[in-house]
Every structure is written in C-alpha cells, then in structure tokens.
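**Student:** Could you have a look at this structure, given as structure tokens, before my questions?
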Amino acid sequence: MNSKVWLTTFGVAAFLVIAGTVFYAFSNFGKYQEALGTWDAKVSTIESLEKRVPYPNEENAKAVEELVGSYRASVASLSETLKSFQRPLNKELANTEFQQRVKKRVEDFRAFSQESGFEIVAENGFHLGFDAYAEVVPTQELVPELDYELEAIDYLLRKLVVSGAKTMTSFERDPIPGEPGGLEKKADGVVQKYPVRIRFQGSHEVLQTFINDLANDRQFFYVVRVLKVKNENEEGPPKLTPEEGGTSFARFENPVTKEIASTEKLDEWRADGASEADVEEKAKAAGFIKADQDARVLMGQEKLIVFLVVDISRFLSPEEQEALAPKPEAKKGR
C-alpha cells in the first residue's frame, strides 16, 4: 500500500515537472525565433558591408570634382555679371579727398534741385546724409563703402527730382558698421545693405514713376523695404451745386481750353426739353465733351505724402565674403 502511494505521488510530481518544462519551452520558442531572425539580419548586414568598398572610388571622386568645378564656374560667372550692375569699391580714395567729394556732391545737388524747382526742407542743413563729415574726416577703412553709398544716394535723389517731386521734407542715412551709432562689425553674408529714409510730397504719377525707376535701375540695386503713403487731403472733393455744374447735371469741358460749360450754356442746350443725348450732341458741336470731374480728382490728381525706406544693396565679391567668413578656432595643444 505504501509503495503504491509513493509511486502515485512520484508519477504526479514527474508529470507536473514535465508539463512545466514543455510549457516553458513553448512559451519561449517565439522569443527564440525572433532573436534568431534578428541575428540573421545582422549577419547579412555585416556580410554586405564587408563586400562594399569603404572609400570613394576613382569614378565617384571624378564625378564630384566635376560638379564642384561646375559650381565654382557658375559662381564666378555670376560674380562677373554683377560687376556690370555695380561699380567696385574705390580703395585708393583718401579720407580727406572723400570729405571734399561730399562737399562737392552736396553743392552740385543743391544747384540741380534749385534749377528743377525741388525744395529741400532741412532744419540743420542738407548734406546728403553725411552731416557728420562736414567738419570731421572719416576713418580711412570706411572710406570705400562711404564713397559707394554717397554716389548711390546722389543718384537716388536725382531720380526723385527727375520724377517730378517738388518737396522733400526729410532725409536720413543709417550709419554703416564701424561708424558711430552703427554696428561694431559687418555681418557675414553675400549682400550688404545701406538703408536710407526719405519723406517727400508729390502726385500719384510722381510716386509711380519714382518706384518704377528704382525697380528697373541698372546702376545700383535699390530695394524699397518700407512704403507708407498718405493723402494730403483725406476728404473727398467738394460737391458742387447745380449752378456750379455739380453732380445733379452732366459736366462738359472743352478738351483744348479746359473751359467748363457755364450754366447759361447748359440751359441753352437743354431748352425745349432736350434729352441727354441731344445735349451731348449740342455740346460736341460747340467743342465740349462730357467729363466726370469727381473721378479725376479722386484717382490720380491727389497730393501724396510718401515715406520710404530704401535699402541700397551691394553684392560682395568672393574675396570680401572670404574675409568676412568666421575663422575656425585654433585647436589647443596638450
């Protein structure tokens, strides 16, 4: 009896151990398969990397050299093309000579403005934005860029005069890097900008002509960054009475003499209940045509107060870009 109990107990324990082992084996079989697949993938990756050439071959190196050469040729061609649109800096000009050049440019521009009927309103005099150098000689290293900016400003303001503007109420030039009030050093990049601020008065036609001239200029690169326009008269044209040829009746004008048909002529043409078509025929026979004065006053005849911020832009040469590029820090020794 005791032997049967012991055998039964042993059999149950053995069954539980075997069942647990089988269950553990099956539960970890999936993880084993996943790990095996990952291992095979890594082995195949290592084998493929071992078969590759770990450095550029001659064919690839030659292709890269050709691309780099083509890129450098394109950059050089672009740089040469830009030279036809902007003159190089005058690095031989002395600072004392530049000061005399400023005085001469200012005198010539004032004379040109006076001949053209262009009024300059300036509280402390007008020196093309170079007021600081009326009595002080600039630093020699700044002279090439200041001279370039002086020529660009003179050219810009002469365009404004030629466009038909009659009054300039303010003009300011932002200091360039290195000048008092400017940045300590130039920013690295391909383009340098010299902003100027202009406020003038003129008609819509003057503004349109001036902006178009700046956009199509081939001597300097001008970029209008800010444009604010305000009508000097913010109210519409006054409404006329019928006796003054107001909006209640059609308005007739002689295109040659600019004479406006009087009330007596209008009454004469409208006699006997004439229609509007008959009135127009009679006016045409007398040399008058129908004109809408209100629309002409509102669109194109208004006086504008214009404020502009214009960036005089200059593209740097490859040598200048290389000089301004940040230099790599020297490695410290042990």
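By order of appearance in the structure tokens: chains A, B, ..., then residues from 1 within every chain, and ligands from 1 in the order shown.
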Would you mind writing down, as a ChimeraX atom specification, each residue of region 108-210 of chain A that DSSP on the backbone assigns to alpha helix (DSSP H)?
**Tutor:** /A:108-115,143-162,204-210
**Student:** Rounded to one decimal place, report the CA of Gln201 (chain A)-CA of Lys166 (chain A) distance in Å.
**Tutor:**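 Interatomic distance here is 6.7 Å.
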**Student:** Write out as number ranges by chain which residues come within 10 Å of Ala122 (chain A) when counting only C-alpha atoms, dropping same-chain ones fewer than 2 positions away.
**Tutor:** A: 119-120, 124-127, 168-171
**Student:** So, with only C-alpha atoms as the atoms that count, which of A:Gly189, A:Thr139, A:Arg158, A:Lys258 lies closest to Glu322 (chain A)?
**Tutor:** A:Gly189
**Student:** Any chance you could list, as an MDAnalysis selection string, the residues in region 99-248 of chain A that come up strand (DSSP E) when DSSP is run on the backbone?
**Tutor:** chainID A and resid 119:120 167:173 191:203 221:231
**Student:** Keeping only N, CA and C atoms, write the selected residues to a file as a tab-separated table (two decimals), in the first residue's frame.
**Tutor:**
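Produced file out.tsv, reproduced below:
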```tsv
chain	number	residue	atom	x	y	z
A	119	GLU	N	12.29	121.58	-53.71
A	119	GLU	CA	12.54	122.22	-52.42
A	119	GLU	C	12.99	121.19	-51.39
A	120	ILE	N	14.06	121.53	-50.67
A	120	ILE	CA	14.58	120.66	-49.61
A	120	ILE	C	14.32	121.34	-48.27
A	167	THR	N	8.91	118.59	-53.25
A	167	THR	CA	9.36	118.87	-51.89
A	167	THR	C	9.84	117.60	-51.22
A	168	MET	N	11.00	117.70	-50.55
A	168	MET	CA	11.50	116.62	-49.70
A	168	MET	C	11.59	117.17	-48.28
A	169	THR	N	10.80	116.60	-47.38
A	169	THR	CA	10.70	117.14	-46.02
A	169	THR	C	11.70	116.51	-45.06
A	170	SER	N	12.27	115.35	-45.38
A	170	SER	CA	13.29	114.76	-44.52
A	170	SER	C	14.07	113.70	-45.28
A	171	PHE	N	15.33	113.55	-44.88
A	171	PHE	CA	16.19	112.51	-45.44
A	171	PHE	C	17.18	112.07	-44.36
A	172	GLU	N	17.28	110.76	-44.14
A	172	GLU	CA	18.18	110.22	-43.13
A	172	GLU	C	18.93	109.02	-43.70
A	173	ARG	N	20.17	108.90	-43.25
A	173	ARG	CA	21.01	107.76	-43.66
A	173	ARG	C	21.42	106.99	-42.42
A	191	VAL	N	25.19	89.85	-49.24
A	191	VAL	CA	24.71	91.19	-49.54
A	191	VAL	C	24.89	92.08	-48.32
A	192	GLN	N	25.34	93.31	-48.57
A	192	GLN	CA	25.37	94.35	-47.55
A	192	GLN	C	24.36	95.43	-47.93
A	193	LYS	N	23.65	95.95	-46.92
A	193	LYS	CA	22.59	96.92	-47.17
A	193	LYS	C	22.89	98.22	-46.45
A	194	TYR	N	22.62	99.35	-47.15
A	194	TYR	CA	22.80	100.68	-46.59
A	194	TYR	C	21.43	101.38	-46.62
A	195	PRO	N	20.67	101.33	-45.54
A	195	PRO	CA	19.32	101.91	-45.56
A	195	PRO	C	19.32	103.44	-45.52
A	196	VAL	N	18.40	104.04	-46.27
A	196	VAL	CA	18.14	105.47	-46.23
A	196	VAL	C	16.63	105.68	-46.09
A	197	ARG	N	16.23	106.79	-45.47
A	197	ARG	CA	14.82	107.08	-45.22
A	197	ARG	C	14.47	108.42	-45.85
A	198	ILE	N	13.44	108.42	-46.68
A	198	ILE	CA	13.06	109.61	-47.45
A	198	ILE	C	11.58	109.91	-47.19
A	199	ARG	N	11.29	111.19	-47.02
A	199	ARG	CA	9.90	111.65	-46.93
A	199	ARG	C	9.73	112.81	-47.91
A	200	PHE	N	8.79	112.66	-48.84
A	200	PHE	CA	8.59	113.70	-49.84
A	200	PHE	C	7.11	113.83	-50.16
A	201	GLN	N	6.78	114.86	-50.92
A	201	GLN	CA	5.41	115.13	-51.34
A	201	GLN	C	5.35	115.16	-52.86
A	202	GLY	N	4.29	114.62	-53.40
A	202	GLY	CA	4.13	114.61	-54.85
A	202	GLY	C	2.81	113.96	-55.23
A	203	SER	N	2.58	113.89	-56.50
A	203	SER	CA	1.35	113.30	-57.01
A	203	SER	C	1.49	111.79	-57.14
A	221	PHE	N	21.50	98.62	-56.96
A	221	PHE	CA	20.41	97.75	-56.52
A	221	PHE	C	19.66	98.47	-55.40
A	222	TYR	N	18.46	98.95	-55.70
A	222	TYR	CA	17.62	99.62	-54.71
A	222	TYR	C	16.45	98.69	-54.35
A	223	VAL	N	16.24	98.48	-53.05
A	223	VAL	CA	15.15	97.65	-52.57
A	223	VAL	C	14.27	98.51	-51.66
A	224	VAL	N	13.01	98.73	-52.07
A	224	VAL	CA	12.07	99.51	-51.26
A	224	VAL	C	11.52	98.58	-50.18
A	225	ARG	N	12.02	98.75	-48.95
A	225	ARG	CA	11.63	97.85	-47.86
A	225	ARG	C	10.38	98.34	-47.14
A	226	VAL	N	10.19	99.65	-47.04
A	226	VAL	CA	9.01	100.22	-46.38
A	226	VAL	C	8.44	101.30	-47.28
A	227	LEU	N	7.12	101.29	-47.44
A	227	LEU	CA	6.43	102.31	-48.24
A	227	LEU	C	5.14	102.70	-47.53
A	228	LYS	N	5.04	103.96	-47.12
A	228	LYS	CA	3.84	104.48	-46.48
A	228	LYS	C	3.36	105.69	-47.28
A	229	VAL	N	2.09	105.66	-47.65
A	229	VAL	CA	1.51	106.72	-48.47
A	229	VAL	C	0.28	107.29	-47.76
A	230	LYS	N	0.24	108.59	-47.69
A	230	LYS	CA	-0.90	109.27	-47.06
A	230	LYS	C	-1.35	110.40	-47.97
A	231	ASN	N	-2.68	110.48	-48.16
A	231	ASN	CA	-3.23	111.56	-48.99
A	231	ASN	C	-3.23	112.85	-48.18
```
**Student:** Could you name the residues that touch region 265-272 of chain A at 8 Å or less, counting only C-alpha atoms, but leaving out those on the same chain fewer than 5 positions away, as a list in words?
**Tutor:** Asp278, Val279, Lys282 and Ala283 of chain A
**Student:** Just write the chosen residues, C-alpha atoms, as a compact mmCIF listing (two decimals), in the first residue's frame.
**Tutor:**
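Writing the result to result_24.txt gives the following:
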```txt
# COMPACT_ATOMS: atom_id res chain seq x y z
CA ASP A 278 -29.36 115.81 -77.67
CA VAL A 279 -27.47 117.84 -75.07
CA LYS A 282 -25.09 120.20 -78.99
CA ALA A 283 -22.12 120.32 -76.59
```
**Student:** So what do you get for CA of Val137 (chain A) versus CA of Glu179 (chain A), distance-wise?
**Tutor:**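 Interatomic distance, CA of Val137 (chain A) to CA of Glu179 (chain A): 11.9 Å.
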**Student:** Nearest to Ser313 (chain A): which of A:Ala165, A:Val121, A:Ala187, A:Ala152 is it, counting only C-alpha atoms?
**Tutor:**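 Between A:Ala165, A:Val121, A:Ala187, A:Ala152, the residue approaching Ser313 (chain A) most closely is A:Ala152.
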**Student:** Quick one: of A:Glu281, A:Asp40, A:Glu135, A:Glu115, who's nearest to Gln99 (chain A), counting only C-alpha atoms?
**Tutor:**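 Among the listed residues, A:Glu135 lies closest to Gln99 (chain A).
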**Student:** Using only C-alpha atoms, which of A:Gly287, A:Pro180, A:Gly273, A:Pro138 sits nearest Pro255 (chain A)?
**Tutor:**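 Of the candidates, the smallest distance to Pro255 (chain A) is held by A:Gly287.
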**Student:** Here is a test: counting only C-alpha atoms, which residue of A:Phe130, A:Ala285, A:Leu207, A:Leu142 is nearest to Val162 (chain A)?
**Tutor:**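 Going through A:Phe130, A:Ala285, A:Leu207, A:Leu142 one by one, the smallest distance to Val162 (chain A) is for A:Leu207.
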**Student:** Find the spatial neighbours of Leu128 (chain A), counting only C-alpha atoms, within a cut-off of 9 Å - ignore same-chain residues fewer than 3 positions away - and output them as a list in words.
**Tutor:** Val102, Arg105, Val106, Phe109, Asp131, Leu150, Ile153, Asp154, Leu157, Phe171, Glu172 and Arg173 of chain A
**Student:** Do you have the CA of Phe210 (chain A)-CA of Val161 (chain A) distance handy?
**Tutor:** 9.1 Å
**Student:** Give me the residues near Arg87 (chain A) as a PyMOL selection string, where near means some atom within 12 Å (using only C-alpha atoms) and where sequence neighbours in that chain fewer than 5 positions away do not count.
**Tutor:** chain A and resi 80-82+144-145+147-149+151-152+218-221+314-317
